[in-house]
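Enquirer: Dropping the structure in here first, questions after.
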Amino acid sequence: MSPFERQRAIGRRGRFPVVLVCALAVLTSCSGGSPAVPPVTSAPTTAPSRVWLAVLGAAEDPNELDTPYADLVGALDEGSVTHVVVSPSACYTGLPSRYDGRYILGVWDVTQHAVRALLDSAGAREGWIGAVASTCVD
């Protein structure tokens with residue numbers, strides 16, 4: 001056997017263990033010994049939250065509400081600021097149709113009494129107040 005033929009024979013034999021190990025790995029991984037993947041479930045859905053909302057202003061452009069928003073936030077204590085919103089009217093079901101397609105500046109809370117207390121502390125008057133369902137996620 002020539003040196004070339006011997007080298008070629010060694011090369012073929014050298015690849016055999018690698019091929020065998022790869023084949024065994026594939027067969028072992030397909031053997032059903034691995035745990036089944038649990039089915040994907042959708043996240044639980046929740047109903048829109050019901051709140052009381054007092055609308056203080058509305059505009060086609062939310063930037064038009066910047067100054068009234070700043071005035072309202074400045075009139076409230078720091079803990080109440082989270083109850084002030086500038087949102088598309090579509091984020092609330094139960095609003096009068098006059099707000100359709102507009103942005104609203106509002107004050108919300110879980111009860112009508114709490115909303116009125118916020119308005120009183122800010123010295124603000126609402127254009128409309130009522131129970132709504134909030135459908136947007138912050």
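Here's how to read the names in the structure tokens: chain A, B, ... by the order shown, residue numbers from 1 in each chain, ligand numbers from 1 in the order shown.
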Please, which residues of segment 39-124 of chain A, numbered as in this document, come out helix (DSSP H, G or I) from DSSP, as number ranges by chain?

Expert: A: 62-75, 78-83, 89-91, 97-99, 112-122

Enquirer: Would you list the contacts of Val85 of chain A as a list of chain:residue names, taking every protein, DNA or RNA residue within 9 Å and counting only C-alpha atoms, but skipping same-chain residues closer than 3 positions in sequence?

Expert: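 Contacts, with the query itself left out: A:Tyr69, A:Val81, A:Thr82, A:Ile104, A:Leu105, A:Gly106, A:Val107, A:Trp108.
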
Enquirer: Please list as JSON, numbers by chain every residue within 12 Å of Val115 of chain A, counting only C-alpha atoms and excluding residues in the same chain fewer than 4 positions away.

Expert: {"A": [51, 52, 53, 54, 55, 56, 80, 83, 84, 106, 107, 108, 109, 110, 111, 119, 120, 121, 122, 124, 125, 126, 128, 129, 130, 131]}

Enquirer: So which residues touch Pro88 of chain A within 10 Å, counting only C-alpha atoms, skipping near sequence neighbours fewer than 6 positions away, as a ChimeraX atom specification?

Expert: /A:58-62,99-105,136
